[in-house]
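Below is upload20.cif, which holds mmCIF, N, CA and C atoms and all ligand atoms.
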```cif
data_start
#
loop_
_atom_site.label_atom_id
_atom_site.label_comp_id
_atom_site.auth_asym_id
_atom_site.auth_seq_id
_atom_site.Cartn_x
_atom_site.Cartn_y
_atom_site.Cartn_z
N MET A 1 -42.34 1.90 52.01
CA MET A 1 -41.32 1.89 50.95
C MET A 1 -42.03 2.12 49.60
N LYS A 2 -41.32 2.80 48.68
CA LYS A 2 -41.88 3.03 47.34
C LYS A 2 -41.28 2.00 46.38
N ILE A 3 -42.13 1.27 45.70
CA ILE A 3 -41.67 0.20 44.81
C ILE A 3 -42.32 0.35 43.45
N VAL A 4 -41.50 0.27 42.40
CA VAL A 4 -42.06 0.33 41.05
C VAL A 4 -42.23 -1.10 40.54
N ILE A 5 -43.34 -1.31 39.86
CA ILE A 5 -43.60 -2.65 39.33
C ILE A 5 -43.99 -2.54 37.86
N GLY A 6 -43.40 -3.41 37.05
CA GLY A 6 -43.69 -3.39 35.61
C GLY A 6 -43.70 -4.81 35.08
N ASN A 7 -44.45 -5.00 34.02
CA ASN A 7 -44.62 -6.35 33.47
C ASN A 7 -45.06 -6.29 32.02
N ASP A 8 -44.82 -7.37 31.30
CA ASP A 8 -45.40 -7.47 29.95
C ASP A 8 -46.74 -8.20 30.06
N HIS A 9 -47.31 -8.53 28.90
CA HIS A 9 -48.64 -9.16 28.88
C HIS A 9 -48.69 -10.49 29.63
N ALA A 10 -47.54 -11.18 29.71
CA ALA A 10 -47.51 -12.48 30.40
C ALA A 10 -47.57 -12.31 31.92
N GLY A 11 -47.34 -11.09 32.39
CA GLY A 11 -47.21 -10.90 33.83
C GLY A 11 -48.32 -10.11 34.49
N VAL A 12 -49.40 -9.87 33.76
CA VAL A 12 -50.46 -8.99 34.30
C VAL A 12 -51.07 -9.56 35.59
N ASP A 13 -51.45 -10.83 35.55
CA ASP A 13 -52.12 -11.42 36.73
C ASP A 13 -51.19 -11.41 37.94
N LEU A 14 -49.97 -11.85 37.73
CA LEU A 14 -49.04 -11.91 38.86
C LEU A 14 -48.75 -10.49 39.36
N LYS A 15 -48.59 -9.56 38.45
CA LYS A 15 -48.35 -8.17 38.87
C LYS A 15 -49.46 -7.68 39.79
N ASN A 16 -50.72 -7.97 39.40
CA ASN A 16 -51.84 -7.49 40.22
C ASN A 16 -51.79 -8.10 41.62
N LYS A 17 -51.41 -9.37 41.70
CA LYS A 17 -51.34 -10.03 43.01
C LYS A 17 -50.19 -9.46 43.85
N VAL A 18 -49.06 -9.27 43.22
CA VAL A 18 -47.91 -8.71 43.97
C VAL A 18 -48.23 -7.29 44.43
N LYS A 19 -48.82 -6.52 43.53
CA LYS A 19 -49.17 -5.12 43.83
C LYS A 19 -50.11 -5.06 45.03
N GLU A 20 -51.12 -5.91 45.01
CA GLU A 20 -52.10 -5.92 46.10
C GLU A 20 -51.43 -6.27 47.43
N GLU A 21 -50.56 -7.27 47.41
CA GLU A 21 -49.87 -7.68 48.65
C GLU A 21 -48.99 -6.56 49.19
N LEU A 22 -48.28 -5.90 48.28
CA LEU A 22 -47.38 -4.83 48.71
C LEU A 22 -48.20 -3.68 49.31
N ARG A 23 -49.31 -3.37 48.68
CA ARG A 23 -50.16 -2.28 49.20
C ARG A 23 -50.74 -2.65 50.56
N LYS A 24 -51.13 -3.91 50.72
CA LYS A 24 -51.66 -4.38 52.01
C LYS A 24 -50.63 -4.19 53.11
N LYS A 25 -49.36 -4.35 52.74
CA LYS A 25 -48.28 -4.23 53.73
C LYS A 25 -47.88 -2.76 53.94
N GLY A 26 -48.58 -1.84 53.28
CA GLY A 26 -48.33 -0.41 53.50
C GLY A 26 -47.34 0.22 52.55
N HIS A 27 -46.91 -0.51 51.53
CA HIS A 27 -45.96 0.06 50.57
C HIS A 27 -46.71 0.88 49.52
N GLU A 28 -45.98 1.86 48.98
CA GLU A 28 -46.53 2.63 47.87
C GLU A 28 -46.04 1.99 46.57
N VAL A 29 -46.97 1.65 45.68
CA VAL A 29 -46.58 0.94 44.46
C VAL A 29 -46.81 1.85 43.24
N ILE A 30 -45.75 2.02 42.45
CA ILE A 30 -45.87 2.75 41.19
C ILE A 30 -45.98 1.68 40.10
N ASN A 31 -47.11 1.68 39.41
CA ASN A 31 -47.35 0.67 38.38
C ASN A 31 -47.05 1.27 37.01
N VAL A 32 -46.04 0.72 36.32
CA VAL A 32 -45.73 1.25 34.98
C VAL A 32 -46.30 0.34 33.87
N GLY A 33 -47.22 -0.56 34.27
CA GLY A 33 -47.92 -1.38 33.29
C GLY A 33 -47.10 -2.57 32.83
N THR A 34 -47.68 -3.27 31.93
CA THR A 34 -48.93 -3.08 31.24
C THR A 34 -50.09 -3.65 32.05
N ASP A 35 -51.30 -3.23 31.74
CA ASP A 35 -52.45 -3.71 32.49
C ASP A 35 -53.44 -4.48 31.64
N THR A 36 -53.08 -4.73 30.39
CA THR A 36 -53.98 -5.52 29.54
C THR A 36 -53.20 -6.71 28.97
N LEU A 37 -53.92 -7.60 28.32
CA LEU A 37 -53.26 -8.78 27.75
C LEU A 37 -52.75 -8.52 26.33
N ASP A 38 -52.89 -7.28 25.85
CA ASP A 38 -52.35 -6.94 24.53
C ASP A 38 -50.83 -7.04 24.60
N SER A 39 -50.27 -7.59 23.55
CA SER A 39 -48.83 -7.84 23.54
C SER A 39 -48.01 -6.54 23.61
N VAL A 40 -47.03 -6.52 24.50
CA VAL A 40 -46.11 -5.38 24.58
C VAL A 40 -44.69 -5.95 24.58
N ASP A 41 -43.70 -5.07 24.41
CA ASP A 41 -42.30 -5.50 24.37
C ASP A 41 -41.66 -5.26 25.73
N TYR A 42 -41.20 -6.34 26.35
CA TYR A 42 -40.66 -6.22 27.72
C TYR A 42 -39.48 -5.24 27.86
N PRO A 43 -38.64 -5.01 26.82
CA PRO A 43 -37.57 -4.01 27.04
C PRO A 43 -38.13 -2.61 27.34
N ASP A 44 -39.28 -2.29 26.76
CA ASP A 44 -39.89 -0.96 27.01
C ASP A 44 -40.32 -0.83 28.47
N ILE A 45 -40.85 -1.90 29.00
CA ILE A 45 -41.31 -1.89 30.41
C ILE A 45 -40.10 -1.84 31.35
N ALA A 46 -39.06 -2.62 31.00
CA ALA A 46 -37.85 -2.61 31.82
C ALA A 46 -37.28 -1.20 31.90
N ALA A 47 -37.31 -0.48 30.79
CA ALA A 47 -36.76 0.89 30.76
C ALA A 47 -37.59 1.82 31.64
N LEU A 48 -38.91 1.71 31.58
CA LEU A 48 -39.78 2.58 32.39
C LEU A 48 -39.54 2.36 33.88
N ALA A 49 -39.46 1.11 34.29
CA ALA A 49 -39.27 0.81 35.71
C ALA A 49 -37.87 1.20 36.17
N SER A 50 -36.88 0.94 35.33
CA SER A 50 -35.49 1.24 35.69
C SER A 50 -35.31 2.73 35.93
N GLU A 51 -35.97 3.52 35.13
CA GLU A 51 -35.87 4.98 35.26
C GLU A 51 -36.35 5.43 36.65
N LYS A 52 -37.40 4.80 37.15
CA LYS A 52 -37.93 5.16 38.49
C LYS A 52 -36.94 4.78 39.58
N VAL A 53 -36.24 3.68 39.38
CA VAL A 53 -35.26 3.25 40.39
C VAL A 53 -34.04 4.17 40.34
N LEU A 54 -33.57 4.46 39.14
CA LEU A 54 -32.35 5.28 39.01
C LEU A 54 -32.57 6.71 39.47
N SER A 55 -33.79 7.22 39.30
CA SER A 55 -34.07 8.59 39.74
C SER A 55 -34.28 8.68 41.25
N GLY A 56 -34.45 7.51 41.89
CA GLY A 56 -34.69 7.50 43.33
C GLY A 56 -36.15 7.60 43.69
N GLU A 57 -37.00 7.71 42.66
CA GLU A 57 -38.44 7.79 42.94
C GLU A 57 -38.93 6.49 43.60
N ALA A 58 -38.33 5.39 43.19
CA ALA A 58 -38.65 4.10 43.82
C ALA A 58 -37.37 3.52 44.41
N GLN A 59 -37.51 2.89 45.56
CA GLN A 59 -36.33 2.28 46.20
C GLN A 59 -35.94 0.98 45.49
N PHE A 60 -36.96 0.21 45.10
CA PHE A 60 -36.72 -1.05 44.40
C PHE A 60 -37.70 -1.19 43.24
N GLY A 61 -37.35 -2.11 42.33
CA GLY A 61 -38.24 -2.44 41.23
C GLY A 61 -38.57 -3.92 41.22
N VAL A 62 -39.76 -4.21 40.71
CA VAL A 62 -40.17 -5.59 40.48
C VAL A 62 -40.55 -5.68 39.01
N LEU A 63 -39.92 -6.59 38.28
CA LEU A 63 -40.22 -6.75 36.85
C LEU A 63 -40.68 -8.17 36.59
N ILE A 64 -41.72 -8.29 35.80
CA ILE A 64 -42.30 -9.62 35.54
C ILE A 64 -42.53 -9.80 34.04
N CYS A 65 -42.04 -10.91 33.51
CA CYS A 65 -42.44 -11.34 32.16
C CYS A 65 -42.72 -12.84 32.26
N GLY A 66 -42.84 -13.52 31.14
CA GLY A 66 -43.20 -14.94 31.20
C GLY A 66 -42.17 -15.75 31.99
N THR A 67 -40.91 -15.57 31.65
CA THR A 67 -39.84 -16.32 32.33
C THR A 67 -39.04 -15.46 33.29
N GLY A 68 -39.15 -14.16 33.16
CA GLY A 68 -38.29 -13.23 33.91
C GLY A 68 -36.96 -13.00 33.19
N ILE A 69 -36.70 -13.76 32.15
CA ILE A 69 -35.39 -13.70 31.50
C ILE A 69 -35.26 -12.44 30.63
N GLY A 70 -36.20 -12.27 29.70
CA GLY A 70 -36.09 -11.14 28.78
C GLY A 70 -36.09 -9.80 29.50
N ILE A 71 -36.94 -9.70 30.50
CA ILE A 71 -37.08 -8.40 31.19
C ILE A 71 -35.87 -8.14 32.09
N SER A 72 -35.24 -9.19 32.62
CA SER A 72 -34.03 -8.98 33.43
C SER A 72 -32.84 -8.67 32.54
N ILE A 73 -32.72 -9.34 31.41
CA ILE A 73 -31.63 -9.01 30.47
C ILE A 73 -31.76 -7.55 30.05
N SER A 74 -32.97 -7.13 29.75
CA SER A 74 -33.20 -5.75 29.29
C SER A 74 -32.81 -4.75 30.37
N ALA A 75 -33.25 -4.99 31.58
CA ALA A 75 -32.96 -4.04 32.67
C ALA A 75 -31.46 -3.98 32.94
N ASN A 76 -30.80 -5.11 32.83
CA ASN A 76 -29.36 -5.13 33.13
C ASN A 76 -28.50 -4.43 32.08
N LYS A 77 -29.09 -4.06 30.96
CA LYS A 77 -28.37 -3.25 29.96
C LYS A 77 -28.30 -1.79 30.38
N ILE A 78 -29.11 -1.42 31.37
CA ILE A 78 -29.20 -0.02 31.78
C ILE A 78 -28.22 0.23 32.93
N LYS A 79 -27.33 1.21 32.73
CA LYS A 79 -26.27 1.47 33.72
C LYS A 79 -26.88 1.80 35.09
N GLY A 80 -26.38 1.10 36.10
CA GLY A 80 -26.84 1.35 37.47
C GLY A 80 -27.91 0.37 37.91
N ILE A 81 -28.44 -0.37 36.96
CA ILE A 81 -29.44 -1.38 37.32
C ILE A 81 -28.76 -2.72 37.54
N ARG A 82 -29.13 -3.35 38.65
CA ARG A 82 -28.71 -4.72 38.91
C ARG A 82 -29.99 -5.51 39.14
N ALA A 83 -30.43 -6.16 38.08
CA ALA A 83 -31.70 -6.89 38.14
C ALA A 83 -31.42 -8.37 38.36
N ALA A 84 -32.02 -8.92 39.39
CA ALA A 84 -31.78 -10.33 39.73
C ALA A 84 -33.00 -11.17 39.37
N LEU A 85 -32.78 -12.16 38.55
CA LEU A 85 -33.84 -13.12 38.23
C LEU A 85 -33.88 -14.13 39.37
N ALA A 86 -34.96 -14.10 40.13
CA ALA A 86 -35.05 -14.96 41.32
C ALA A 86 -36.06 -16.08 41.10
N HIS A 87 -35.68 -17.25 41.57
CA HIS A 87 -36.56 -18.42 41.43
C HIS A 87 -37.05 -18.94 42.77
N ASN A 88 -36.50 -18.41 43.82
CA ASN A 88 -36.89 -18.86 45.16
C ASN A 88 -36.43 -17.79 46.16
N GLU A 89 -36.79 -17.99 47.43
CA GLU A 89 -36.45 -16.98 48.43
C GLU A 89 -34.94 -16.91 48.66
N PHE A 90 -34.23 -18.03 48.45
CA PHE A 90 -32.78 -18.04 48.63
C PHE A 90 -32.12 -17.09 47.63
N THR A 91 -32.48 -17.22 46.35
CA THR A 91 -31.84 -16.36 45.35
C THR A 91 -32.29 -14.91 45.52
N ALA A 92 -33.54 -14.72 45.95
CA ALA A 92 -34.02 -13.35 46.20
C ALA A 92 -33.19 -12.71 47.32
N LYS A 93 -32.95 -13.47 48.38
CA LYS A 93 -32.21 -12.95 49.54
C LYS A 93 -30.75 -12.68 49.18
N LEU A 94 -30.12 -13.64 48.53
CA LEU A 94 -28.69 -13.48 48.20
C LEU A 94 -28.46 -12.35 47.19
N SER A 95 -29.46 -12.09 46.36
CA SER A 95 -29.29 -11.01 45.38
C SER A 95 -29.22 -9.66 46.07
N ARG A 96 -29.80 -9.57 47.24
CA ARG A 96 -29.68 -8.33 48.03
C ARG A 96 -28.41 -8.37 48.89
N LEU A 97 -28.21 -9.46 49.60
CA LEU A 97 -27.07 -9.55 50.52
C LEU A 97 -25.75 -9.35 49.79
N HIS A 98 -25.58 -10.01 48.65
CA HIS A 98 -24.28 -10.05 47.98
C HIS A 98 -24.19 -9.16 46.74
N ASN A 99 -25.30 -8.93 46.07
CA ASN A 99 -25.24 -8.22 44.77
C ASN A 99 -25.85 -6.84 44.82
N ASP A 100 -26.45 -6.48 45.94
CA ASP A 100 -27.13 -5.20 46.07
C ASP A 100 -28.06 -4.96 44.88
N ALA A 101 -28.77 -6.01 44.50
CA ALA A 101 -29.70 -5.88 43.37
C ALA A 101 -30.75 -4.82 43.69
N ASN A 102 -31.09 -4.03 42.69
CA ASN A 102 -32.12 -3.01 42.92
C ASN A 102 -33.44 -3.34 42.21
N ILE A 103 -33.42 -4.41 41.43
CA ILE A 103 -34.65 -4.90 40.80
C ILE A 103 -34.70 -6.41 40.94
N ILE A 104 -35.88 -6.92 41.27
CA ILE A 104 -36.08 -8.37 41.24
C ILE A 104 -36.92 -8.68 40.00
N ALA A 105 -36.50 -9.69 39.26
CA ALA A 105 -37.24 -10.12 38.08
C ALA A 105 -37.83 -11.50 38.35
N LEU A 106 -39.08 -11.65 37.93
CA LEU A 106 -39.80 -12.90 38.19
C LEU A 106 -40.43 -13.43 36.92
N GLY A 107 -40.52 -14.75 36.82
CA GLY A 107 -41.19 -15.38 35.69
C GLY A 107 -42.60 -15.80 36.07
N ALA A 108 -43.58 -15.15 35.47
CA ALA A 108 -44.98 -15.46 35.81
C ALA A 108 -45.36 -16.87 35.36
N ARG A 109 -44.63 -17.39 34.36
CA ARG A 109 -44.94 -18.75 33.89
C ARG A 109 -44.04 -19.78 34.56
N VAL A 110 -43.29 -19.32 35.54
CA VAL A 110 -42.34 -20.20 36.21
C VAL A 110 -42.72 -20.40 37.68
N LEU A 111 -43.10 -19.29 38.33
CA LEU A 111 -43.35 -19.32 39.77
C LEU A 111 -44.83 -19.27 40.08
N GLY A 112 -45.23 -19.95 41.14
CA GLY A 112 -46.58 -19.79 41.66
C GLY A 112 -46.70 -18.43 42.32
N ASP A 113 -47.94 -17.97 42.47
CA ASP A 113 -48.16 -16.63 43.02
C ASP A 113 -47.56 -16.47 44.41
N SER A 114 -47.79 -17.45 45.28
CA SER A 114 -47.34 -17.24 46.66
C SER A 114 -45.81 -17.27 46.75
N LEU A 115 -45.16 -18.09 45.95
CA LEU A 115 -43.69 -18.09 45.95
C LEU A 115 -43.16 -16.76 45.40
N ALA A 116 -43.80 -16.27 44.35
CA ALA A 116 -43.38 -14.98 43.78
C ALA A 116 -43.51 -13.87 44.81
N ILE A 117 -44.60 -13.85 45.52
CA ILE A 117 -44.82 -12.81 46.55
C ILE A 117 -43.79 -12.95 47.66
N ALA A 118 -43.50 -14.18 48.07
CA ALA A 118 -42.50 -14.40 49.12
C ALA A 118 -41.13 -13.92 48.65
N CYS A 119 -40.82 -14.14 47.38
CA CYS A 119 -39.53 -13.67 46.84
C CYS A 119 -39.44 -12.15 46.93
N VAL A 120 -40.52 -11.47 46.56
CA VAL A 120 -40.51 -10.00 46.59
C VAL A 120 -40.36 -9.50 48.02
N GLU A 121 -41.08 -10.11 48.95
CA GLU A 121 -40.99 -9.65 50.34
C GLU A 121 -39.60 -9.88 50.91
N THR A 122 -39.02 -11.02 50.60
CA THR A 122 -37.65 -11.30 51.06
C THR A 122 -36.70 -10.28 50.46
N PHE A 123 -36.86 -10.02 49.19
CA PHE A 123 -35.98 -9.09 48.47
C PHE A 123 -36.00 -7.70 49.10
N ILE A 124 -37.19 -7.15 49.28
CA ILE A 124 -37.26 -5.76 49.75
C ILE A 124 -36.88 -5.62 51.23
N ASN A 125 -36.92 -6.73 51.95
CA ASN A 125 -36.62 -6.67 53.38
C ASN A 125 -35.21 -7.13 53.73
N THR A 126 -34.36 -7.31 52.74
CA THR A 126 -32.99 -7.76 52.99
C THR A 126 -32.01 -6.64 52.66
N GLU A 127 -31.12 -6.37 53.61
CA GLU A 127 -30.10 -5.32 53.43
C GLU A 127 -28.86 -5.88 52.73
N PHE A 128 -28.23 -5.05 51.94
CA PHE A 128 -26.94 -5.38 51.33
C PHE A 128 -25.89 -5.54 52.44
N GLU A 129 -25.06 -6.58 52.33
CA GLU A 129 -24.05 -6.84 53.36
C GLU A 129 -22.84 -5.91 53.26
N GLY A 130 -22.57 -5.38 52.07
CA GLY A 130 -21.40 -4.50 51.91
C GLY A 130 -20.10 -5.29 52.02
N GLY A 131 -19.05 -4.65 52.57
CA GLY A 131 -17.77 -5.32 52.74
C GLY A 131 -17.19 -5.80 51.42
N ARG A 132 -16.75 -7.04 51.37
CA ARG A 132 -16.13 -7.57 50.15
C ARG A 132 -17.10 -7.54 48.97
N HIS A 133 -18.38 -7.58 49.28
CA HIS A 133 -19.38 -7.57 48.21
C HIS A 133 -19.47 -6.20 47.55
N ALA A 134 -19.20 -5.16 48.33
CA ALA A 134 -19.22 -3.80 47.76
C ALA A 134 -18.13 -3.65 46.71
N ARG A 135 -16.98 -4.27 46.97
CA ARG A 135 -15.88 -4.20 45.99
C ARG A 135 -16.32 -4.86 44.67
N ARG A 136 -16.98 -5.98 44.79
CA ARG A 136 -17.41 -6.73 43.59
C ARG A 136 -18.51 -5.97 42.83
N VAL A 137 -19.44 -5.41 43.60
CA VAL A 137 -20.51 -4.64 42.95
C VAL A 137 -19.91 -3.43 42.25
N GLY A 138 -18.88 -2.83 42.88
CA GLY A 138 -18.17 -1.71 42.24
C GLY A 138 -17.59 -2.12 40.90
N LYS A 139 -17.06 -3.33 40.84
CA LYS A 139 -16.48 -3.80 39.58
C LYS A 139 -17.58 -4.05 38.52
N ILE A 140 -18.74 -4.47 38.96
CA ILE A 140 -19.85 -4.63 37.99
C ILE A 140 -20.18 -3.28 37.35
N GLU A 141 -20.12 -2.24 38.19
CA GLU A 141 -20.53 -0.92 37.73
C GLU A 141 -19.50 -0.22 36.86
N LYS A 142 -18.27 -0.76 36.82
CA LYS A 142 -17.23 -0.13 36.01
C LYS A 142 -17.50 -0.34 34.53
N GLU A 143 -17.27 0.73 33.75
CA GLU A 143 -17.44 0.60 32.29
C GLU A 143 -16.42 -0.40 31.75
N VAL A 144 -16.80 -1.21 30.76
CA VAL A 144 -15.82 -2.13 30.15
C VAL A 144 -15.68 -1.82 28.66
C1 LIG A 201 -43.74 -13.18 25.90
O1 LIG A 201 -44.44 -14.15 25.19
C2 LIG A 201 -42.47 -13.78 26.49
O2 LIG A 201 -41.53 -14.00 25.50
C3 LIG A 201 -41.95 -12.89 27.57
O3 LIG A 201 -42.91 -12.71 28.55
C4 LIG A 201 -40.72 -13.37 28.32
O4 LIG A 201 -40.89 -14.66 28.81
C5 LIG A 201 -39.42 -13.18 27.64
O5 LIG A 201 -38.33 -13.42 28.18
#
```

Can I see the file as structure tokens?
Amino acid sequence: MKIVIGNDHAGVDLKNKVKEELRKKGHEVINVGTDTLDSVDYPDIAALASEKVLSGEAQFGVLICGTGIGISISANKIKGIRAALAHNEFTAKLSRLHNDANIIALGARVLGDSLAIACVETFINTEFEGGRHARRVGKIEKEV
């Protein structure tokens, strides 16, 4: 699977760990940065990763900032992106089953590395249930 991963300065370490795990599992990872601790603005990273998901270049996105909040809010402003801020495997799983989320957002200052990695693996390996949930996702996508 092709997965895009992006992060701000708060998420560099966690990004590297997630990236390594995904590559070990045979996934292709597109890294849109950042790779240094110099301060960057998370909306810029959210836009870069979202573009890869919307173009179909990546099947899913992983976005990381300190809390996961700013980067998920930013991604959710982009039409077609459904970014889920996950705190555990349950929310990661339900965001796919019910919301057809195409990006998982994680807080590097909130989650331990192994929990974050487990959330990503659960996320990418869970299929959308469709049915009544498709109707609701359709309503999310409608312009207001
Ligand atoms: C950066 O210090 C921090 O504000 C950012 O990583 C994120 O937590 C914002 O939501």

Neighbour list for Tyr42 of chain A as an mmCIF file with N, CA and C atoms, in the coordinates of the input, cut-off 6 Å, all atoms listed in the file, skip fewer than 6 positions in-chain:
```
data_model
loop_
_atom_site.group_PDB
_atom_site.id
_atom_site.type_symbol
_atom_site.label_atom_id
_atom_site.label_comp_id
_atom_site.auth_asym_id
_atom_site.auth_seq_id
_atom_site.Cartn_x
_atom_site.Cartn_y
_atom_site.Cartn_z
ATOM 1 N N ASP A 8 -44.820 -7.370 31.300
ATOM 2 C CA ASP A 8 -45.400 -7.470 29.950
ATOM 3 C C ASP A 8 -46.740 -8.200 30.060
ATOM 4 N N GLY A 70 -36.200 -12.270 29.700
ATOM 5 C CA GLY A 70 -36.090 -11.140 28.780
ATOM 6 C C GLY A 70 -36.090 -9.800 29.500
ATOM 7 N N ILE A 71 -36.940 -9.700 30.500
ATOM 8 C CA ILE A 71 -37.080 -8.400 31.190
ATOM 9 C C ILE A 71 -35.870 -8.140 32.090
#
```

Checklist line | Nearby residues (only C-alpha atoms) at most 12 Å from segment 18-32 of chain A, same-chain spacing under 5 positions excluded, as JSON, numbers by chain | finding: {"A": [1, 2, 3, 4, 5, 6, 7, 8, 11, 12, 13, 42, 44, 45, 46, 47, 48, 49, 50, 51, 52, 53, 57, 58, 59, 60, 61, 62, 63, 64, 106, 108, 112, 113, 114, 115, 116, 117, 118, 119, 120, 121, 122, 124, 125]}

If you keep N, CA and C atoms, can you produce a file of those selected residues as a compact mmCIF listing (two decimals), in the coordinates of the input?
```txt
# COMPACT_ATOMS: atom_id res chain seq x y z
N MET A 1 -42.34 1.90 52.01
CA MET A 1 -41.32 1.89 50.95
C MET A 1 -42.03 2.12 49.60
N LYS A 2 -41.32 2.80 48.68
CA LYS A 2 -41.88 3.03 47.34
C LYS A 2 -41.28 2.00 46.38
N ILE A 3 -42.13 1.27 45.70
CA ILE A 3 -41.67 0.20 44.81
C ILE A 3 -42.32 0.35 43.45
N VAL A 4 -41.50 0.27 42.40
CA VAL A 4 -42.06 0.33 41.05
C VAL A 4 -42.23 -1.10 40.54
N ILE A 5 -43.34 -1.31 39.86
CA ILE A 5 -43.60 -2.65 39.33
C ILE A 5 -43.99 -2.54 37.86
N GLY A 6 -43.40 -3.41 37.05
CA GLY A 6 -43.69 -3.39 35.61
C GLY A 6 -43.70 -4.81 35.08
N ASN A 7 -44.45 -5.00 34.02
CA ASN A 7 -44.62 -6.35 33.47
C ASN A 7 -45.06 -6.29 32.02
N ASP A 8 -44.82 -7.37 31.30
CA ASP A 8 -45.40 -7.47 29.95
C ASP A 8 -46.74 -8.20 30.06
N GLY A 11 -47.34 -11.09 32.39
CA GLY A 11 -47.21 -10.90 33.83
C GLY A 11 -48.32 -10.11 34.49
N VAL A 12 -49.40 -9.87 33.76
CA VAL A 12 -50.46 -8.99 34.30
C VAL A 12 -51.07 -9.56 35.59
N ASP A 13 -51.45 -10.83 35.55
CA ASP A 13 -52.12 -11.42 36.73
C ASP A 13 -51.19 -11.41 37.94
N TYR A 42 -41.20 -6.34 26.35
CA TYR A 42 -40.66 -6.22 27.72
C TYR A 42 -39.48 -5.24 27.86
N ASP A 44 -39.28 -2.29 26.76
CA ASP A 44 -39.89 -0.96 27.01
C ASP A 44 -40.32 -0.83 28.47
N ILE A 45 -40.85 -1.90 29.00
CA ILE A 45 -41.31 -1.89 30.41
C ILE A 45 -40.10 -1.84 31.35
N ALA A 46 -39.06 -2.62 31.00
CA ALA A 46 -37.85 -2.61 31.82
C ALA A 46 -37.28 -1.20 31.90
N ALA A 47 -37.31 -0.48 30.79
CA ALA A 47 -36.76 0.89 30.76
C ALA A 47 -37.59 1.82 31.64
N LEU A 48 -38.91 1.71 31.58
CA LEU A 48 -39.78 2.58 32.39
C LEU A 48 -39.54 2.36 33.88
N ALA A 49 -39.46 1.11 34.29
CA ALA A 49 -39.27 0.81 35.71
C ALA A 49 -37.87 1.20 36.17
N SER A 50 -36.88 0.94 35.33
CA SER A 50 -35.49 1.24 35.69
C SER A 50 -35.31 2.73 35.93
N GLU A 51 -35.97 3.52 35.13
CA GLU A 51 -35.87 4.98 35.26
C GLU A 51 -36.35 5.43 36.65
N LYS A 52 -37.40 4.80 37.15
CA LYS A 52 -37.93 5.16 38.49
C LYS A 52 -36.94 4.78 39.58
N VAL A 53 -36.24 3.68 39.38
CA VAL A 53 -35.26 3.25 40.39
C VAL A 53 -34.04 4.17 40.34
N GLU A 57 -37.00 7.71 42.66
CA GLU A 57 -38.44 7.79 42.94
C GLU A 57 -38.93 6.49 43.60
N ALA A 58 -38.33 5.39 43.19
CA ALA A 58 -38.65 4.10 43.82
C ALA A 58 -37.37 3.52 44.41
N GLN A 59 -37.51 2.89 45.56
CA GLN A 59 -36.33 2.28 46.20
C GLN A 59 -35.94 0.98 45.49
N PHE A 60 -36.96 0.21 45.10
CA PHE A 60 -36.72 -1.05 44.40
C PHE A 60 -37.70 -1.19 43.24
N GLY A 61 -37.35 -2.11 42.33
CA GLY A 61 -38.24 -2.44 41.23
C GLY A 61 -38.57 -3.92 41.22
N VAL A 62 -39.76 -4.21 40.71
CA VAL A 62 -40.17 -5.59 40.48
C VAL A 62 -40.55 -5.68 39.01
N LEU A 63 -39.92 -6.59 38.28
CA LEU A 63 -40.22 -6.75 36.85
C LEU A 63 -40.68 -8.17 36.59
N ILE A 64 -41.72 -8.29 35.80
CA ILE A 64 -42.30 -9.62 35.54
C ILE A 64 -42.53 -9.80 34.04
N LEU A 106 -39.08 -11.65 37.93
CA LEU A 106 -39.80 -12.90 38.19
C LEU A 106 -40.43 -13.43 36.92
N ALA A 108 -43.58 -15.15 35.47
CA ALA A 108 -44.98 -15.46 35.81
C ALA A 108 -45.36 -16.87 35.36
N GLY A 112 -45.23 -19.95 41.14
CA GLY A 112 -46.58 -19.79 41.66
C GLY A 112 -46.70 -18.43 42.32
N ASP A 113 -47.94 -17.97 42.47
CA ASP A 113 -48.16 -16.63 43.02
C ASP A 113 -47.56 -16.47 44.41
N SER A 114 -47.79 -17.45 45.28
CA SER A 114 -47.34 -17.24 46.66
C SER A 114 -45.81 -17.27 46.75
N LEU A 115 -45.16 -18.09 45.95
CA LEU A 115 -43.69 -18.09 45.95
C LEU A 115 -43.16 -16.76 45.40
N ALA A 116 -43.80 -16.27 44.35
CA ALA A 116 -43.38 -14.98 43.78
C ALA A 116 -43.51 -13.87 44.81
N ILE A 117 -44.60 -13.85 45.52
CA ILE A 117 -44.82 -12.81 46.55
C ILE A 117 -43.79 -12.95 47.66
N ALA A 118 -43.50 -14.18 48.07
CA ALA A 118 -42.50 -14.40 49.12
C ALA A 118 -41.13 -13.92 48.65
N CYS A 119 -40.82 -14.14 47.38
CA CYS A 119 -39.53 -13.67 46.84
C CYS A 119 -39.44 -12.15 46.93
N VAL A 120 -40.52 -11.47 46.56
CA VAL A 120 -40.51 -10.00 46.59
C VAL A 120 -40.36 -9.50 48.02
N GLU A 121 -41.08 -10.11 48.95
CA GLU A 121 -40.99 -9.65 50.34
C GLU A 121 -39.60 -9.88 50.91
N THR A 122 -39.02 -11.02 50.60
CA THR A 122 -37.65 -11.30 51.06
C THR A 122 -36.70 -10.28 50.46
N ILE A 124 -37.19 -7.15 49.28
CA ILE A 124 -37.26 -5.76 49.75
C ILE A 124 -36.88 -5.62 51.23
N ASN A 125 -36.92 -6.73 51.95
CA ASN A 125 -36.62 -6.67 53.38
C ASN A 125 -35.21 -7.13 53.73
```

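When all atoms listed in the file are used to measure the gap to Val110 of chain A, the shortest distance among A:Cys65, A:Leu54, A:Ala92, A:Leu97 belongs to A:Cys65.
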
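Minimum atom-to-atom distance to ligand LIG 201 (chain A), evaluated using all atoms listed in the file, belongs to A:Gly66 out of A:Gly80, A:Gly66, A:Gly131, A:Gly107.
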
Notebook entry, point to check: Please, what distance in Å, to one decimal, runs between atom C of Arg96 of chain A and atom CA of Gly130 of chain A?
Noted result: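 If I compute the distance from atom C of Arg96 of chain A to atom CA of Gly130 of chain A, I get 8.6 Å.
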
Next item on the list: Provide the atom CA of Ala134 of chain A to atom CA of Ser74 of chain A distance in Å, to one decimal place.
Entry: 23.2 Å
